[in-house]
>>> print(open('my_file-v6.cif').read())   # mmCIF, C-alpha atoms
data_entry
loop_
_atom_site.label_atom_id
_atom_site.label_comp_id
_atom_site.auth_asym_id
_atom_site.auth_seq_id
_atom_site.Cartn_x
_atom_site.Cartn_y
_atom_site.Cartn_z
CA MET A 14 0.00 0.00 0.00
CA SER A 15 1.21 3.46 -0.76
CA GLN A 16 2.13 5.33 2.40
CA GLN A 17 1.53 8.78 0.91
CA GLY A 18 -1.23 10.98 2.32
CA ALA A 19 -4.61 10.69 0.68
CA SER A 20 -4.81 14.40 -0.12
CA GLU A 21 -1.46 14.21 -1.88
CA ALA A 22 -2.59 11.10 -3.76
CA CYS A 23 -5.84 12.80 -4.79
CA GLU A 24 -3.99 15.62 -6.54
CA SER A 25 -2.19 13.16 -8.80
CA LEU A 26 -4.94 10.60 -9.35
CA PRO A 27 -5.29 9.59 -13.00
CA GLY A 28 -8.63 9.90 -14.75
CA THR A 29 -10.93 7.72 -16.83
CA HIS A 30 -11.33 8.00 -20.60
CA PHE A 31 -15.07 8.11 -21.28
CA LEU A 32 -16.21 10.30 -24.15
CA ASP A 33 -18.89 11.56 -21.75
CA GLU A 34 -17.10 14.06 -19.52
CA VAL A 35 -19.93 13.91 -16.98
CA VAL A 36 -19.04 10.27 -16.32
CA ASN A 37 -15.34 11.14 -16.01
CA GLN A 38 -16.21 13.83 -13.47
CA GLU A 39 -18.42 11.53 -11.42
CA MET A 40 -15.70 8.89 -11.41
CA ALA A 41 -13.14 11.44 -10.19
CA GLU A 42 -15.40 12.76 -7.44
CA ARG A 43 -17.29 9.69 -6.26
CA GLY A 44 -15.44 6.64 -7.62
CA PHE A 45 -18.53 5.31 -9.43
CA ALA A 46 -21.16 6.38 -11.95
CA VAL A 47 -24.34 5.00 -13.53
CA LEU A 48 -24.31 5.29 -17.31
CA ALA A 49 -27.22 7.06 -18.99
CA ASN A 50 -27.97 4.15 -21.34
CA SER A 51 -28.80 0.59 -20.32
CA VAL A 52 -27.96 -2.51 -22.33
CA SER A 53 -30.87 -4.01 -24.24
CA ALA A 54 -33.22 -6.68 -22.94
CA GLU A 55 -31.81 -8.99 -25.62
CA THR A 56 -28.29 -8.46 -24.26
CA VAL A 57 -29.47 -9.21 -20.71
CA THR A 58 -31.08 -12.41 -21.98
CA SER A 59 -27.91 -13.47 -23.83
CA LEU A 60 -25.74 -12.90 -20.75
CA THR A 61 -28.21 -14.74 -18.52
CA GLU A 62 -28.33 -17.76 -20.83
CA MET A 63 -24.53 -17.87 -21.02
CA TYR A 64 -24.25 -17.90 -17.24
CA ARG A 65 -27.00 -20.51 -16.76
CA GLN A 66 -25.42 -22.88 -19.28
CA VAL A 67 -22.15 -22.88 -17.33
CA ILE A 68 -23.86 -23.27 -13.94
CA ASP A 69 -25.83 -26.22 -15.31
CA GLN A 70 -22.49 -27.90 -16.07
CA VAL A 71 -20.70 -27.22 -12.78
CA GLY A 72 -23.75 -27.62 -10.55
CA ARG A 73 -25.31 -25.08 -8.24
CA ASP A 74 -23.44 -24.21 -5.04
CA SER A 75 -25.48 -25.08 -1.94
CA SER A 76 -23.62 -22.96 0.63
CA GLY A 77 -25.76 -19.87 0.05
CA VAL A 78 -22.70 -17.59 -0.05
CA PHE A 79 -21.81 -14.89 -2.57
CA LEU A 80 -20.13 -16.63 -5.51
CA PRO A 81 -17.94 -15.05 -8.23
CA SER A 82 -17.70 -17.11 -11.41
CA MET A 83 -13.93 -16.46 -11.36
CA MET A 84 -13.78 -19.00 -8.52
CA ILE A 85 -15.32 -21.80 -10.63
CA SER A 86 -12.94 -24.76 -10.55
CA ARG A 87 -13.47 -25.65 -14.24
CA LEU A 88 -10.91 -23.34 -15.84
CA ASP A 89 -12.23 -24.02 -19.33
CA LEU A 90 -15.67 -22.80 -18.30
CA ARG A 91 -14.20 -19.72 -16.65
CA ALA A 92 -12.47 -18.94 -19.94
CA GLN A 93 -15.73 -19.54 -21.80
CA LEU A 94 -17.48 -16.91 -19.66
CA TRP A 95 -14.58 -14.45 -19.93
CA ASP A 96 -14.58 -14.69 -23.73
CA GLY A 97 -18.36 -14.72 -23.96
CA VAL A 98 -18.77 -11.49 -21.99
CA GLN A 99 -16.09 -9.85 -24.13
CA GLY A 100 -17.83 -10.95 -27.30
CA ILE A 101 -21.22 -9.58 -26.22
CA LEU A 102 -20.21 -6.40 -24.40
CA GLY A 103 -17.02 -5.36 -26.23
CA PRO A 104 -18.87 -3.97 -29.27
CA ILE A 105 -21.27 -2.13 -26.93
CA PHE A 106 -18.79 -0.54 -24.54
CA ASP A 107 -15.59 0.01 -26.52
CA PRO A 108 -17.19 2.96 -28.41
CA LEU A 109 -17.92 4.73 -25.10
CA PHE A 110 -14.24 5.54 -24.63
CA SER A 111 -11.86 7.89 -26.39
CA PRO A 112 -10.14 6.19 -29.35
CA ASP A 113 -7.10 4.03 -28.55
CA THR A 114 -7.78 4.06 -24.82
CA THR A 115 -9.89 1.70 -22.73
CA THR A 116 -11.07 -1.66 -24.12
CA VAL A 117 -13.12 -4.63 -22.91
CA VAL A 118 -10.80 -7.59 -22.29
CA GLY A 119 -13.23 -10.09 -20.78
CA GLY A 120 -15.73 -10.58 -18.04
CA SER A 121 -17.35 -12.74 -15.40
CA PHE A 122 -20.47 -13.07 -13.25
CA VAL A 123 -21.33 -12.77 -9.57
CA SER A 124 -24.18 -14.64 -7.92
CA LYS A 125 -25.93 -13.66 -4.69
CA PRO A 126 -28.39 -16.41 -3.74
CA GLY A 127 -31.40 -15.79 -1.55
CA SER A 128 -29.66 -16.59 1.73
CA GLN A 129 -28.60 -14.94 4.98
CA ASN A 130 -25.08 -16.17 4.15
CA SER A 131 -24.87 -14.11 0.95
CA ALA A 132 -23.72 -10.76 2.43
CA ARG A 133 -20.44 -9.36 1.09
CA ASN A 134 -18.43 -7.27 3.56
CA PRO A 135 -16.99 -3.82 2.68
CA HIS A 136 -13.90 -4.24 0.54
CA GLN A 137 -11.88 -2.85 -2.35
CA ASP A 138 -11.01 -4.89 -5.42
CA PRO A 139 -7.47 -6.29 -5.63
CA THR A 140 -4.87 -4.33 -7.59
CA VAL A 141 -4.91 -5.29 -11.28
CA PHE A 142 -3.16 -2.29 -12.89
CA ASP A 143 -0.60 0.35 -11.92
CA GLU A 144 -3.01 2.79 -10.26
CA THR A 145 -0.42 5.55 -10.16
CA ARG A 146 -0.96 5.75 -13.95
CA GLU A 147 -4.49 4.53 -14.68
CA VAL A 148 -7.83 3.98 -12.97
CA SER A 149 -8.76 0.33 -12.61
CA ILE A 150 -12.45 0.21 -13.53
CA SER A 151 -15.07 -2.40 -14.28
CA LEU A 152 -18.70 -2.33 -15.35
CA TRP A 153 -21.35 -4.02 -13.20
CA ILE A 154 -24.62 -4.97 -14.93
CA PRO A 155 -27.46 -6.61 -12.96
CA LEU A 156 -29.36 -9.23 -14.96
CA THR A 157 -32.43 -8.74 -12.77
CA ASP A 158 -33.55 -5.65 -10.88
CA SER A 159 -31.13 -5.04 -8.00
CA ASP A 160 -32.66 -3.53 -4.87
CA SER A 161 -32.48 -3.48 -1.08
CA GLU A 162 -34.39 -6.75 -0.79
CA ASN A 163 -31.96 -8.82 -2.88
CA GLY A 164 -28.76 -7.20 -1.62
CA THR A 165 -27.89 -4.45 -4.07
CA LEU A 166 -24.45 -2.83 -4.13
CA ASN A 167 -23.58 -0.19 -1.53
CA LEU A 168 -20.66 2.17 -2.26
CA LEU A 169 -18.82 4.78 -0.18
CA PRO A 170 -18.38 7.94 -2.31
CA GLY A 171 -14.87 9.38 -2.36
CA SER A 172 -13.21 6.38 -0.72
CA HIS A 173 -11.22 5.70 -3.91
CA ARG A 174 -8.93 8.57 -2.92
CA MET A 175 -7.41 6.84 0.12
CA GLY A 176 -4.18 6.19 -1.76
CA ASN A 177 -3.83 2.47 -0.93
CA LEU A 178 -2.74 1.49 -4.41
CA VAL A 179 -1.38 -1.98 -3.59
CA ARG A 180 -4.08 -4.45 -2.54
CA PRO A 181 -3.14 -8.15 -2.61
CA PRO A 182 -6.15 -10.42 -3.28
CA ASP A 183 -5.67 -12.51 -0.13
CA VAL A 184 -5.42 -9.58 2.33
CA ASP A 185 -8.20 -7.36 3.68
CA SER A 186 -7.33 -3.81 2.57
CA LEU A 187 -9.49 -2.16 5.28
CA ASP A 188 -9.15 -2.12 9.06
CA GLN A 189 -12.18 -2.83 11.25
CA ASP A 190 -13.00 0.83 11.93
CA VAL A 191 -13.18 1.59 8.20
CA THR A 192 -15.30 -1.51 7.62
CA THR A 193 -17.76 -0.45 10.32
CA TYR A 194 -17.93 3.09 8.93
CA ALA A 195 -18.60 1.81 5.40
CA LEU A 196 -21.41 -0.44 6.61
CA ASN A 197 -23.16 2.58 8.12
CA GLU A 198 -22.38 5.33 5.62
CA SER A 199 -22.32 3.76 2.14
CA VAL A 200 -24.90 4.65 -0.50
CA ALA A 201 -27.22 1.89 -1.75
CA LEU A 202 -27.70 1.88 -5.53
CA GLU A 203 -30.92 0.31 -6.77
CA LEU A 204 -30.66 -0.55 -10.46
CA HIS A 205 -32.96 -2.01 -13.07
CA ALA A 206 -31.86 -5.03 -15.08
CA GLY A 207 -29.45 -3.88 -17.79
CA GLN A 208 -28.39 -0.63 -16.14
CA VAL A 209 -24.63 -0.13 -16.17
CA LEU A 210 -22.65 0.85 -13.09
CA VAL A 211 -19.02 1.93 -13.54
CA ILE A 212 -16.88 1.15 -10.47
CA ASP A 213 -13.36 2.28 -9.61
CA GLY A 214 -11.72 -0.83 -8.16
CA SER A 215 -10.40 1.17 -5.21
CA VAL A 216 -13.79 2.52 -4.05
CA ILE A 217 -15.15 0.73 -0.97
CA HIS A 218 -18.24 -1.33 -1.77
CA HIS A 219 -20.30 -4.07 -0.19
CA SER A 220 -23.70 -5.74 -0.39
CA PRO A 221 -26.06 -6.99 2.33
CA ALA A 222 -27.65 -10.42 2.29
CA ASN A 223 -30.20 -11.29 -0.36
CA THR A 224 -33.43 -11.71 1.61
CA SER A 225 -35.57 -12.48 -1.43
CA ASN A 226 -36.40 -15.93 -2.73
CA ALA A 227 -34.51 -15.45 -6.01
CA GLU A 228 -30.85 -15.44 -6.99
CA ARG A 229 -29.42 -12.06 -7.97
CA VAL A 230 -26.86 -12.32 -10.78
CA ALA A 231 -24.77 -9.54 -12.29
CA ALA A 232 -22.35 -9.54 -15.21
CA ILE A 233 -18.99 -7.85 -14.71
CA CYS A 234 -17.12 -6.40 -17.66
CA ALA A 235 -13.33 -6.27 -17.25
CA LEU A 236 -11.66 -3.25 -18.87
CA ARG A 237 -8.06 -2.51 -19.77
CA PRO A 238 -6.83 1.10 -19.55
CA PRO A 239 -4.66 2.47 -22.41
CA ASN A 240 -1.16 1.02 -22.84
CA SER A 241 -1.45 -0.85 -19.56
CA GLN A 242 -0.10 -4.15 -18.29
CA MET A 243 -2.23 -6.35 -16.03
CA ARG A 244 -0.61 -7.00 -12.66
CA TYR A 245 -0.78 -9.27 -9.64
CA ALA A 246 0.21 -8.18 -6.12
CA LYS A 247 1.58 -11.14 -4.12
CA SER A 248 1.36 -10.66 -0.36
CA GLN A 249 3.84 -11.97 2.18
CA ASN A 250 1.95 -15.23 2.76
CA GLY A 251 -1.29 -13.42 3.49
CA ALA A 252 0.16 -11.20 6.21
CA ALA A 253 -2.14 -8.30 7.17
CA GLU A 254 0.74 -5.86 6.68
CA GLY A 255 4.00 -6.22 4.81
CA THR A 256 5.66 -5.87 1.43
CA ALA A 257 4.01 -7.22 -1.70
CA GLN A 258 5.81 -8.38 -4.81
CA ILE A 259 4.28 -6.86 -7.95
CA PHE A 260 4.29 -8.99 -11.11
CA ASN A 261 3.32 -8.17 -14.67
CA VAL A 262 0.93 -10.90 -15.82
CA GLY A 263 -1.07 -11.57 -18.93
CA ALA A 264 -4.86 -11.44 -19.13
CA GLU A 265 -4.79 -15.25 -19.21
CA LEU A 266 -4.27 -15.37 -15.43
CA TYR A 267 -7.57 -13.55 -14.90
CA ARG A 268 -9.25 -15.41 -17.74
CA SER A 269 -8.54 -18.94 -16.52
CA GLY A 270 -5.65 -18.97 -14.05
CA ASN A 271 -5.32 -19.81 -10.36
CA LEU A 272 -5.95 -16.47 -8.67
CA ILE A 273 -5.37 -17.69 -5.10
CA THR A 274 -1.98 -19.39 -5.50
CA PRO A 275 -0.85 -18.46 -9.01
CA THR A 276 2.39 -19.57 -10.61
CA LEU A 277 4.22 -16.29 -11.25
CA ASP A 278 7.24 -15.86 -13.53
CA PRO A 279 10.18 -14.37 -11.54
CA ALA A 280 11.35 -12.67 -14.74
CA ARG A 281 8.16 -10.60 -14.70
CA LEU A 282 8.68 -9.20 -11.22
CA VAL A 283 8.24 -5.41 -11.42
CA GLY A 284 9.28 -4.60 -7.87
CA SER A 285 7.86 -4.52 -4.38
CA SER A 286 5.72 -2.13 -2.39
CA PRO A 287 4.50 -1.88 1.22
CA TYR A 288 0.85 -2.47 2.01
CA ARG A 289 -1.29 -2.19 5.14
CA PRO A 290 -5.00 -2.01 5.99
CA ALA A 291 -6.44 1.44 5.32
CA SER A 292 -7.28 3.32 8.53
CA MET A 293 -9.89 5.91 9.48
CA ALA A 294 -7.16 8.55 9.12
CA ASP A 295 -6.71 7.51 5.48
CA LEU A 296 -10.45 7.56 4.89
CA GLU A 297 -11.07 10.88 6.65
CA SER A 298 -8.32 12.52 4.64
CA SER A 299 -9.79 11.23 1.37
CA LEU A 300 -13.34 12.34 2.24
CA SER A 301 -12.20 15.80 3.39
CA SER A 302 -10.91 16.51 -0.13
CA GLU A 303 -14.41 16.18 -1.68
#
>>> encode(input="my_file-v6.cif", output="structure tokens")
Amino acid sequence: MSQQGASEACESLPGTHFLDEVVNQEMAERGFAVLANSVSAETVTSLTEMYRQVIDQVGRDSSGVFLPSMMISRLDLRAQLWDGVQGILGPIFDPLFSPDTTTVVGGSFVSKPGSQNSARNPHQDPTVFDETREVSISLWIPLTDSDSENGTLNLLPGSHRMGNLVRPPDVDSLDQDVTTYALNESVALELHAGQVLVIDGSVIHHSPANTSNAERVAAICALRPPNSQMRYAKSQNGAAEGTAQIFNVGAELYRSGNLITPTLDPARLVGSSPYRPASMADLESSLSSE
């Protein structure tokens, strides 16, 4: 994690590359934005069918917990979903960005079953790009209406400015005080099926349990910023605080690789960087710059 102050980090934060400057401004200020246009009902149906076909092959999980498709053990099926989302959503979303900048590289799905076990605690996404140069963003598209009953996304505006730019996937990037604050102060976004939410990977987000009787599924579109290299931050054996090794990796790791204990090429080691759980001091500094 970067040890620089959040206000200093905010001054040098990179921006997004949407043709719509209103979206760029919302991303800079809040860390998320809802696009004006939804995807079509036909696109929602195509994505839903793609997801269902894979779940029919792997079997439905009975634990009742939140389940990302990137954790499916069948790597060939993970790759099938990654490529399928890119094929459907690439032609739709690539034109939303300035030429030769951000592109769709793949995608996945997240399932929140109707269960008290399906809550997702406040978190930030793991580091995937060099966030000193580019914003790591994804698009989140509910395939059914997403509301308070079925555990819609809650986001904490402005929390993307905390400056913790190194977030290993196996380490919680937030301390308990920040987690508690986010649970109480985040904004719930209720979206219709097909609406498109843009999320900065460093903004704090979470979702309560799905208390309905139906599964809530969303498609996630993975985006690559301009001239960027995908990365993986390897913690010191899952230590809560330490120094992470930063590797350049190909998209194949995220498409169908082992994301928990990946095999990383020592020749692609970029360097190392300290990390630690973000504190209330980090969060307060980021929110004071709004």
>>> atom_distance(input="my_file-v6.cif", atom1="atom CA of A:Ala206", atom2="atom CA of A:Asn37")
23.1 Å
>>> residues_around(input="my_file-v6.cif", residues="stretch 267-278 of chain A", least_positions_apart="4", cutoff="9 Å", atoms="all atoms listed in the file", output="number ranges by chain")
A: 83-84, 87-96, 119-121, 182-183, 245, 260-263, 282
>>> atom_distance(input="my_file-v6.cif", atom1="atom CA of A:Ser53", atom2="atom CA of A:Gly207")
6.6 Å
>>> atom_distance(input="my_file-v6.cif", atom1="atom CA of A:Ala201", atom2="atom CA of A:Gly176")
23.4 Å
>>> closest_residue(input="my_file-v6.cif", among="A:Gly103, A:Pro238, A:Gly44, A:Gly284", to="A:Leu168", atoms="all atoms listed in the file")
A:Gly44
>>> closest_residue(input="my_file-v6.cif", among="A:Leu236, A:Val98, A:Leu210, A:Val67", to="A:Phe110", atoms="all atoms listed in the file")
A:Leu236
>>> resolve_selection(input="my_file-v6.cif", expression="the PyMOL selection byres ((chain A and resi 256) around 9)", output="list in words")
Met14, Lys247, Ser248, Gln249, Glu254, Gly255, Ala257, Gln258, Ser285, Ser286, Pro287, Tyr288 and Arg289 of chain A
>>> residues_around(input="my_file-v6.cif", residues="A:Ser131", least_positions_apart="5", cutoff="9 Å", atoms="only C-alpha atoms", output="list in words")
Ser76, Gly77, Val78, Phe79, Leu80, Ser124, Lys125, Pro126, Gly164, Ser220, Pro221, Ala222, Asn223 and Thr224 of chain A
>>> closest_residue(input="my_file-v6.cif", among="A:Ser225, A:Gln70, A:Thr140, A:Ser241", to="A:Ser161", atoms="only C-alpha atoms")
A:Ser225
>>> closest_residue(input="my_file-v6.cif", among="A:Pro181, A:Ala280, A:Ala132, A:His219", to="A:Asn250", atoms="all atoms listed in the file")
A:Pro181
>>> closest_residue(input="my_file-v6.cif", among="A:Pro108, A:Gly127, A:Pro290, A:Gly171", to="A:Phe31", atoms="all atoms listed in the file")
A:Pro108
